[in-house]
Structure formats: structure tokens, C-alpha cells
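Visitor: input-v4.txt (compact mmCIF, C-alpha atoms) pasted underneath:
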# COMPACT_ATOMS: atom_id res chain seq x y z
CA MET G 706 -3.79 23.22 -12.19
CA ASP G 707 -5.53 20.03 -13.25
CA ARG G 708 -6.76 18.06 -10.29
CA GLN G 709 -7.63 14.43 -10.26
CA LYS G 710 -8.86 11.96 -7.71
CA VAL G 711 -6.30 9.32 -6.86
CA LYS G 712 -6.56 5.72 -5.78
CA PRO G 713 -3.27 4.14 -4.72
CA SER G 714 -2.13 0.94 -6.37
CA ARG G 715 1.03 -0.87 -5.45
CA ASN G 716 1.70 -1.30 -9.17
CA ASN G 717 2.19 2.42 -9.81
CA LEU G 718 4.08 3.40 -6.67
CA LYS G 719 7.78 4.17 -7.02
CA ARG G 720 10.35 3.20 -4.42
CA ILE G 721 9.80 5.38 -1.39
CA GLY G 722 12.26 6.82 1.10
CA ILE G 723 11.08 7.46 4.66
CA PHE G 724 12.74 10.16 6.76
CA GLY G 725 11.68 9.96 10.40
CA TYR G 726 10.60 6.32 10.51
CA LYS G 727 11.35 5.96 14.24
CA GLY G 728 8.77 8.54 15.26
CA PHE G 729 5.16 8.00 16.25
CA ILE G 730 3.64 8.47 12.80
CA GLY G 731 6.65 6.89 11.10
CA LYS G 732 6.28 3.57 12.90
CA HIS G 733 2.61 3.33 11.99
CA LEU G 734 3.34 4.38 8.41
CA CYS G 735 6.02 1.74 7.86
CA SER G 736 3.73 -0.95 9.23
CA SER G 737 0.93 0.17 6.89
CA LEU G 738 3.16 0.35 3.81
CA SER G 739 4.46 -3.14 4.53
CA SER G 740 0.92 -4.47 4.79
CA HIS G 741 0.16 -2.91 1.39
CA HIS G 742 3.35 -4.46 -0.08
CA VAL G 743 4.80 -1.04 -0.92
CA SER G 744 8.56 -1.07 -1.36
CA PHE G 745 10.34 1.52 0.76
CA ASN G 746 13.64 2.29 2.46
CA VAL G 747 14.17 4.08 5.75
CA PHE G 748 16.84 6.71 6.34
CA GLU G 749 18.98 5.81 9.36
CA GLY G 750 21.72 8.43 9.11
CA TYR G 751 22.11 11.95 10.45
CA ALA G 752 19.71 14.27 8.63
CA LEU G 753 22.03 17.27 8.95
CA ARG G 754 24.93 15.43 7.32
CA LYS G 755 24.69 15.77 3.55
CA SER G 756 26.95 12.78 2.88
CA ASP G 757 24.63 10.49 4.87
CA ILE G 758 21.68 11.66 2.81
CA GLU G 759 23.52 11.26 -0.48
CA ASP G 760 24.54 7.72 0.50
CA PHE G 761 20.90 6.95 1.24
CA PHE G 762 19.74 8.12 -2.18
CA ASP G 763 22.58 6.20 -3.85
CA THR G 764 21.69 2.92 -2.14
CA SER G 765 17.90 3.23 -2.10
CA ASN G 766 17.32 4.80 -5.52
CA ALA G 767 14.39 6.59 -3.92
CA GLN G 768 12.80 9.16 -6.21
CA GLU G 769 10.04 10.07 -3.76
CA ILE G 770 10.32 10.65 -0.03
CA ILE G 771 7.96 11.06 2.90
CA PHE G 772 9.44 13.51 5.38
CA LEU G 773 8.34 13.09 9.00
CA ILE G 774 11.32 14.52 10.89
CA GLY G 775 10.37 17.36 13.22
CA SER G 776 10.20 18.73 16.73
CA PHE G 777 7.71 20.65 18.89
CA ASP G 778 10.28 21.55 21.52
CA LEU G 779 11.56 25.05 22.24
CA PRO G 780 13.84 26.98 22.09
CA LEU G 781 13.61 28.44 18.60
CA ASP G 782 17.13 27.27 17.74
CA ASN G 783 16.03 23.68 18.25
CA LEU G 784 12.89 24.16 16.15
CA ILE G 785 14.87 25.70 13.29
CA GLU G 786 17.47 22.91 13.38
CA LYS G 787 15.07 19.96 13.71
CA ASN G 788 12.32 21.30 11.45
CA LEU G 789 13.88 23.56 8.83
CA LEU G 790 17.58 22.74 8.52
CA THR G 791 17.04 18.98 8.33
CA LEU G 792 14.47 19.46 5.56
CA GLN G 793 16.67 21.85 3.59
CA THR G 794 19.66 19.52 3.88
CA VAL G 795 17.62 16.57 2.58
CA LEU G 796 16.20 18.59 -0.32
CA GLU G 797 19.60 19.98 -1.26
CA ALA G 798 21.14 16.51 -1.35
CA GLY G 799 18.10 15.02 -3.03
CA VAL G 800 18.05 17.36 -6.02
CA ASN G 801 21.48 16.08 -7.00
CA LYS G 802 20.35 12.46 -6.70
CA GLY G 803 17.19 12.44 -8.78
CA LEU G 804 14.61 13.31 -6.13
CA GLN G 805 11.28 13.97 -7.86
CA LYS G 806 8.73 14.35 -5.10
CA ILE G 807 8.41 14.99 -1.40
CA ILE G 808 5.38 14.35 0.79
CA TYR G 809 5.76 16.60 3.80
CA VAL G 810 3.84 16.45 7.07
CA SER G 811 3.12 20.01 8.08
CA SER G 812 0.74 21.35 10.71
CA GLY G 813 -2.44 23.34 11.07
CA ALA G 814 -0.37 25.53 13.38
CA VAL G 815 0.82 27.43 10.29
CA TYR G 816 -2.57 29.18 10.06
CA GLY G 817 -2.97 30.87 13.39
CA ASN G 818 -6.56 31.44 14.46
CA PRO G 819 -9.20 29.86 12.20
CA GLY G 820 -12.22 31.53 10.67
CA PRO G 821 -15.79 30.46 11.45
CA GLU G 822 -15.67 27.69 8.81
CA GLY G 823 -12.18 26.60 9.77
CA SER G 824 -8.84 27.22 8.10
CA PHE G 825 -8.68 26.75 4.34
CA GLU G 826 -5.54 25.95 2.34
CA THR G 827 -5.78 29.34 0.63
CA ASP G 828 -5.83 31.31 3.90
CA LEU G 829 -3.09 33.75 4.81
CA LEU G 830 -0.64 32.07 7.19
CA LEU G 831 -0.32 33.94 10.48
CA PRO G 832 1.08 31.41 12.99
CA THR G 833 0.76 32.24 16.67
CA SER G 834 3.50 29.86 17.86
CA LEU G 835 7.19 29.45 17.07
CA TYR G 836 6.49 25.85 16.09
CA GLY G 837 3.90 27.01 13.56
CA LEU G 838 6.33 29.64 12.31
CA THR G 839 9.05 27.07 11.57
CA LYS G 840 6.56 24.77 9.83
CA LYS G 841 5.58 27.72 7.64
CA TYR G 842 9.28 28.21 6.81
CA CYS G 843 9.48 24.53 5.89
CA GLU G 844 6.57 24.81 3.49
CA GLU G 845 8.22 27.81 1.85
CA CYS G 846 11.48 25.85 1.58
CA ILE G 847 9.66 23.09 -0.33
CA GLN G 848 8.04 25.65 -2.60
CA TYR G 849 11.48 27.12 -3.34
CA TYR G 850 12.72 23.72 -4.52
CA GLU G 851 9.53 23.26 -6.53
CA VAL G 852 10.11 26.52 -8.42
CA ASN G 853 13.85 26.22 -8.90
CA TYR G 854 14.38 22.45 -9.25
CA GLY G 855 11.04 21.05 -10.37
CA ILE G 856 10.47 18.84 -7.33
CA LYS G 857 6.82 18.04 -6.68
CA GLY G 858 5.72 18.90 -3.17
CA VAL G 859 2.66 17.45 -1.46
CA ILE G 860 2.18 19.27 1.82
CA LEU G 861 -0.26 17.73 4.28
CA ARG G 862 -1.35 19.91 7.17
CA PHE G 863 -2.29 17.81 10.20
CA PRO G 864 -3.99 18.82 13.47
CA ASN G 865 -3.26 17.08 16.79
CA VAL G 866 -2.45 13.45 15.92
CA TYR G 867 -3.15 10.89 18.65
CA GLY G 868 -3.12 7.13 19.02
CA ASP G 869 -1.26 4.20 20.55
CA GLY G 870 2.47 4.75 20.75
CA ASN G 871 2.32 8.51 21.08
CA ASP G 872 3.91 9.98 24.19
CA LYS G 873 3.09 13.64 23.55
CA GLY G 874 0.05 15.81 23.14
CA VAL G 875 -3.03 16.66 25.15
CA VAL G 876 -4.83 13.34 24.58
CA TYR G 877 -1.83 11.33 25.80
CA GLU G 878 -1.22 13.63 28.77
CA PHE G 879 -4.84 13.60 29.91
CA LEU G 880 -5.22 9.83 29.56
CA LYS G 881 -1.98 9.22 31.42
CA ARG G 882 -3.00 11.44 34.32
CA VAL G 883 -6.45 9.88 34.57
CA GLU G 884 -5.04 6.35 34.48
CA ASN G 885 -2.56 7.32 37.23
CA ASN G 886 -5.33 8.86 39.39
CA GLN G 887 -3.86 12.34 39.03
CA ASP G 888 -5.58 15.69 38.61
CA ILE G 889 -5.94 17.08 35.10
CA ILE G 890 -4.50 20.57 34.74
CA ILE G 891 -6.02 22.79 32.06
CA ASP G 892 -4.36 25.96 30.82
CA GLY G 893 -6.91 28.76 30.53
CA ASP G 894 -10.64 28.07 30.70
CA GLY G 895 -10.69 24.94 28.53
CA GLU G 896 -12.77 26.47 25.75
CA GLN G 897 -9.95 26.19 23.24
CA GLY G 898 -11.24 24.22 20.27
CA ARG G 899 -9.31 22.02 17.90
CA ASN G 900 -9.43 18.97 15.66
CA PHE G 901 -7.92 15.62 16.57
CA LEU G 902 -6.78 13.03 14.03
CA HIS G 903 -6.16 9.37 14.80
CA VAL G 904 -2.81 8.12 13.55
CA SER G 905 -4.43 5.46 11.36
CA ASP G 906 -6.27 8.21 9.47
CA ALA G 907 -3.05 10.22 9.18
CA VAL G 908 -1.30 7.18 7.71
CA ASN G 909 -4.18 6.55 5.33
CA ALA G 910 -3.84 10.10 3.99
CA LEU G 911 -0.09 9.65 3.53
CA TYR G 912 -0.68 6.42 1.63
CA LYS G 913 -3.28 8.04 -0.63
CA SER G 914 -0.96 10.96 -1.36
CA LEU G 915 1.71 8.66 -2.81
CA CYS G 916 -0.13 8.62 -6.14
CA MET G 917 -0.61 12.36 -6.44
CA GLN G 918 1.01 13.69 -9.59
CA ASN G 919 0.79 17.41 -8.81
CA SER G 920 2.06 19.66 -6.05
CA GLU G 921 -0.69 20.31 -3.54
CA ILE G 922 -1.29 21.68 -0.07
CA ILE G 923 -4.06 19.76 1.69
CA ASN G 924 -5.62 19.86 5.15
CA ILE G 925 -5.95 16.38 6.64
CA SER G 926 -8.16 16.12 9.69
CA ASN G 927 -11.18 14.75 11.44
CA ASP G 928 -13.79 17.44 10.88
CA ARG G 929 -15.15 17.28 14.42
CA ARG G 930 -14.25 20.36 16.43
CA ILE G 931 -13.93 19.65 20.14
CA THR G 932 -12.96 21.87 23.07
CA ILE G 933 -10.69 20.82 25.89
CA ASN G 934 -13.67 20.89 28.24
CA GLU G 935 -15.60 18.57 25.92
CA LEU G 936 -12.62 16.21 25.84
CA ILE G 937 -12.67 16.18 29.65
CA LYS G 938 -16.40 15.39 29.70
CA ILE G 939 -15.84 12.39 27.45
CA MET G 940 -13.20 11.00 29.82
CA ALA G 941 -15.37 11.74 32.85
CA GLN G 942 -17.97 9.26 31.58
CA TYR G 943 -15.60 6.43 32.42
CA LYS G 944 -13.55 7.53 35.41
CA GLU G 945 -13.63 10.12 38.17
CA PHE G 946 -10.87 12.70 38.46
CA ASP G 947 -10.35 16.28 39.59
CA ILE G 948 -9.72 19.22 37.27
CA ILE G 949 -7.51 22.21 38.00
CA TYR G 950 -7.85 25.29 35.79
CA ASP G 951 -4.67 27.35 35.54
CA HIS G 952 -6.05 30.74 34.56
CA SER G 953 -2.57 32.27 34.68
CA LYS G 954 -2.05 30.71 31.24
CA ASN G 955 -4.61 32.32 28.96
CA LEU G 956 -4.75 30.22 25.81
CA LEU G 957 -8.15 31.34 24.60
CA ASP G 958 -6.75 32.01 21.14
CA ASP G 959 -5.13 28.60 20.88
CA ASN G 960 -7.68 27.20 18.45
CA LEU G 961 -7.12 24.87 15.53
CA TYR G 962 -9.88 23.89 13.13
CA LEU G 963 -9.08 22.64 9.64
CA ASN G 964 -11.62 22.69 6.84
CA ILE G 965 -11.25 19.35 4.99
CA SER G 966 -13.48 19.89 1.96
CA LYS G 967 -10.43 19.77 -0.32
CA CYS G 968 -9.04 16.47 0.95
CA LYS G 969 -12.46 14.86 0.63
CA LYS G 970 -12.52 15.89 -3.03
CA ILE G 971 -8.89 15.39 -4.06
CA LEU G 972 -7.96 12.33 -1.99
CA GLU G 973 -11.42 10.94 -1.33
CA PHE G 974 -10.28 11.05 2.28
CA ILE G 975 -12.86 10.45 4.98
CA PRO G 976 -11.63 10.08 8.58
CA ARG G 977 -12.69 6.76 10.05
CA LEU G 978 -11.95 7.02 13.76
CA ASP G 979 -13.46 9.46 16.21
CA ILE G 980 -11.69 10.49 19.40
CA GLU G 981 -14.70 9.56 21.54
CA ASN G 982 -14.52 5.95 20.36
CA TYR G 983 -10.78 5.87 21.03
CA ILE G 984 -11.22 7.10 24.60
CA ARG G 985 -14.03 4.62 25.20
CA GLN G 986 -11.76 1.76 24.12
CA LYS G 987 -9.16 2.90 26.64
CA PHE G 988 -11.53 2.56 29.58
CA VAL G 989 -13.99 -0.16 28.65
Rewrite the coordinates I just gave you, this time as C-alpha cells.
Guide:
Amino acid sequence: MDRQKVKPSRNNLKRIGIFGYKGFIGKHLCSSLSSHHVSFNVFEGYALRKSDIEDFFDTSNAQEIIFLIGSFDLPLDNLIEKNLLTLQTVLEAGVNKGLQKIIYVSSGAVYGNPGPEGSFETDLLLPTSLYGLTKKYCEECIQYYEVNYGIKGVILRFPNVYGDGNDKGVVYEFLKRVENNQDIIIDGDGEQGRNFLHVSDAVNALYKSLCMQNSEIINISNDRRITINELIKIMAQYKEFDIIYDHSKNLLDDNLYLNISKCKKILEFIPRLDIENYIRQKFV
């Protein structure tokens, strides 16, 4: 596969369709695309209703889509419906309406436990959560449509994405509890390590991927690995709070570390914001 570095230009971007524009990343993405004068349409129908999707493609003439619809919430039935069935319905309708490319936001959770140098795009996928399992199914669904219908698929695997406007995730939960003078509760011993990615960097990667001509799977992340305990220490520099360790929940294997050598080469992507600076801004 020939690989080439890409630099987005509004002159060579086709009309884009956004699925999941009301979500945390979607809101930031739409704001960024507007600031770059990129023409796009947002899907406002029901993503499990094929007629709604077909109407969207008819009215928008979108040949490329960014797919952000998804859920973290159990049970498995909900994950399959919100993550996999919505995607498959959109792809099935799209192939009949001239869809050429999908940019899909996946997750580092598809890997399972990382190796010493992090998880690489070529690693065997052994997810340790039902969420990661359904995201793996979604990637395979896209690859099916690539093989059988010629759709280009750019799959971006994100770690924990944080930033203003997010109401989920460990960064949000910890900050909220500290600001409300509540104890922070940590599952396990707090030595779980992971990457964190600011939403502006996530959006920047999505924007850069618009000009990719080939199907690719790419890790997108800040390359700083930080444990939960280290995250707590950063917050403790600015405000006092108590910590409760819940050792009944042993999450020692809940690690997520993405190697980003590929995205630096292919997308010329370099994360700009560090989580420590973000936390400092919240308290200073």
C-alpha cells in the first residue's frame, strides 16, 4: 500500500456528512470544520432507520462521512445496537447512495493489554471489555464493506478523550468530585496506566484524515502514559481532597497505551495539549 503524508486543504475536501454531531467530539468537530470553511452536513435522523439515512444522502450528496455515533454503556445489547447496528445500517444505506469513504472513531479498547512499547496497529486484537469487543466488530464491519463494496475506511483508534463539554470519563469524574469537595474513589490500586487525548487534538486528527486517499488504521493519542495515581497527584497540587481505594474492584489489567509512531509519520500528527496543563487551567 502506498502511503503518503497529507495536508488538508479546503479546496480538495469533498462535502462531508457527520453522524453523531450532538456528542462531545461531534460538537467540537463541527465548530472546527466551520472555522476551516469546510462544507458539511449533519445527520439528524434515526440512525437505525434506513430511510432516514437514505434521505440524508439524497439531500446532502455526501460522499464521505465521519462516524461518531457510539455508546460505552452496558448491557451488551445496548452496545451492539448503538455501536454496531447503527454503523452497519449507515454503511448499507450509503453504498446505494454513492458513499466512497468513512472516517470512523474507534478505540484503543480493541487491543486489550498493551505490550511494553504500547499497542501497535498491527497487534492482535484481544479486547478485555464488552465495549472494546463491539468496537472491534465495528472495525470488521467497515473492512467488510471495503472488500465487497470498495468503500475506503479510515479507522482512528482513540484513547480516553477529555476536554470541556465532556460529562463522562475519569478526568471529568475526578475533576467534578474535587470541585464539589468530595472524596475521589479509585477502583483497584490506581496503578492502571493509560493515555489521555484532549478533544482539540482528536478533532485535529479527524480534520487531517479527511484528505487520506487510502484505507488505514491509525492510533491517535498523546504519547504520555499516566497512571491513575499520577493523575491524582497532579490534581493534589492545586486542591486538597481525600482518596478512597476500592480494592474489591481489581482493575490492574485495565491499561491502555497506544504507540503513535504511525500517526506521526502518516498524518504528521503531534498532540499539542497535555493533561497536566489542562488540569492546571481548571484550578488556577
Visitor: Can you pull out the residues contacting Gln897 in chain G? Cut-off 12 Å, using all atoms listed in the file, and skip same-chain residues under 3 positions away; I want them as a CSV table (one decimal) with C-alpha atoms, in the coordinates of the input.
Guide:
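Result saved to part_0.csv:
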chain,number,residue,atom,x,y,z
G,818,ASN,CA,-6.6,31.4,14.5
G,819,PRO,CA,-9.2,29.9,12.2
G,875,VAL,CA,-3.0,16.7,25.2
G,891,ILE,CA,-6.0,22.8,32.1
G,892,ASP,CA,-4.4,26.0,30.8
G,893,GLY,CA,-6.9,28.8,30.5
G,894,ASP,CA,-10.6,28.1,30.7
G,900,ASN,CA,-9.4,19.0,15.7
G,930,ARG,CA,-14.2,20.4,16.4
G,931,ILE,CA,-13.9,19.6,20.1
G,932,THR,CA,-13.0,21.9,23.1
G,933,ILE,CA,-10.7,20.8,25.9
G,934,ASN,CA,-13.7,20.9,28.2
G,935,GLU,CA,-15.6,18.6,25.9
G,936,LEU,CA,-12.6,16.2,25.8
G,955,ASN,CA,-4.6,32.3,29.0
G,956,LEU,CA,-4.8,30.2,25.8
G,957,LEU,CA,-8.2,31.3,24.6
G,958,ASP,CA,-6.8,32.0,21.1
G,959,ASP,CA,-5.1,28.6,20.9
G,960,ASN,CA,-7.7,27.2,18.4
G,961,LEU,CA,-7.1,24.9,15.5
G,962,TYR,CA,-9.9,23.9,13.1
Visitor: Please measure the separation of CA of Asp757 in chain G and CA of Ile721 in chain G, giving the value in Å to one decimal.
Guide: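 For CA of Asp757 in chain G relative to CA of Ile721 in chain G, the distance reads 16.9 Å.
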Visitor: Which residues are close to Lys873 in chain G, i.e. within 10 Å by all atoms listed in the file, leaving aside same-chain residues fewer than 5 positions away? Reply as a PDB file with C-alpha atoms, keeping the file's coordinate frame.
Guide:
ATOM      1  CA  PHE G 729       5.160   8.000  16.250  1.00  0.00           C
ATOM      2  CA  PHE G 777       7.710  20.650  18.890  1.00  0.00           C
ATOM      3  CA  ASN G 865      -3.260  17.080  16.790  1.00  0.00           C
ATOM      4  CA  VAL G 866      -2.450  13.450  15.920  1.00  0.00           C
ATOM      5  CA  TYR G 867      -3.150  10.890  18.650  1.00  0.00           C
ATOM      6  CA  GLU G 878      -1.220  13.630  28.770  1.00  0.00           C
TER       7      GLU G 878
END
Visitor: Between G:Cys846, G:Leu830, G:Ile723, G:Ile975, which one has atoms that come closest to Glu749 in chain G, using only C-alpha atoms?
Guide: G:Ile723
Visitor: Could you pull the residues within 9 Å of Ile948 in chain G, counting only C-alpha atoms, minus those fewer than 6 positions along the same chain, as a ChimeraX atom specification?
Guide: /G:888-891,937
Visitor: Could you please determine the separation between CA of His903 in chain G and CA of Ser811 in chain G in Å, to one decimal place?
Guide: 15.6 Å
Visitor: Pick the closest to Glu973 in chain G from G:Gln918, G:Gln793, G:Asn909, G:Asn746: which is it, counting all atoms listed in the file?
Guide: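 Checking each of G:Gln918, G:Gln793, G:Asn909, G:Asn746 against Glu973 in chain G, counting all atoms listed in the file, the winner is G:Asn909.
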Visitor: Can you pull out every residue within 12 Å of Asn801 in chain G, counting only C-alpha atoms, but drop anything in the same chain fewer than 5 positions away, and send it as a list in words?
Guide: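 After dropping sequence-adjacent residues, the list is Lys755, Ser756, Ile758, Glu759, Asp760, Phe762, Asp763, Gln768, Thr794, Val795, Leu796, Tyr850, Tyr854 and Ile856 of chain G.
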Visitor: Got a sec: who's within 10 Å of Val904 in chain G, counting only C-alpha atoms, leaving out chain neighbours fewer than 3 positions off, as a PDB file with C-alpha atoms, in the coordinates of the input?
Guide:
ATOM      1  CA  PHE G 729       5.160   8.000  16.250  1.00  0.00           C
ATOM      2  CA  ILE G 730       3.640   8.470  12.800  1.00  0.00           C
ATOM      3  CA  GLY G 731       6.650   6.890  11.100  1.00  0.00           C
ATOM      4  CA  HIS G 733       2.610   3.330  11.990  1.00  0.00           C
ATOM      5  CA  LEU G 734       3.340   4.380   8.410  1.00  0.00           C
ATOM      6  CA  ASN G 865      -3.260  17.080  16.790  1.00  0.00           C
ATOM      7  CA  VAL G 866      -2.450  13.450  15.920  1.00  0.00           C
ATOM      8  CA  TYR G 867      -3.150  10.890  18.650  1.00  0.00           C
ATOM      9  CA  GLY G 868      -3.120   7.130  19.020  1.00  0.00           C
ATOM     10  CA  ASP G 869      -1.260   4.200  20.550  1.00  0.00           C
ATOM     11  CA  GLY G 870       2.470   4.750  20.750  1.00  0.00           C
ATOM     12  CA  ASN G 871       2.320   8.510  21.080  1.00  0.00           C
ATOM     13  CA  PHE G 901      -7.920  15.620  16.570  1.00  0.00           C
ATOM     14  CA  ALA G 907      -3.050  10.220   9.180  1.00  0.00           C
ATOM     15  CA  VAL G 908      -1.300   7.180   7.710  1.00  0.00           C
ATOM     16  CA  ASN G 909      -4.180   6.550   5.330  1.00  0.00           C
ATOM     17  CA  ALA G 910      -3.840  10.100   3.990  1.00  0.00           C
ATOM     18  CA  LEU G 978     -11.950   7.020  13.760  1.00  0.00           C
TER      19      LEU G 978
END
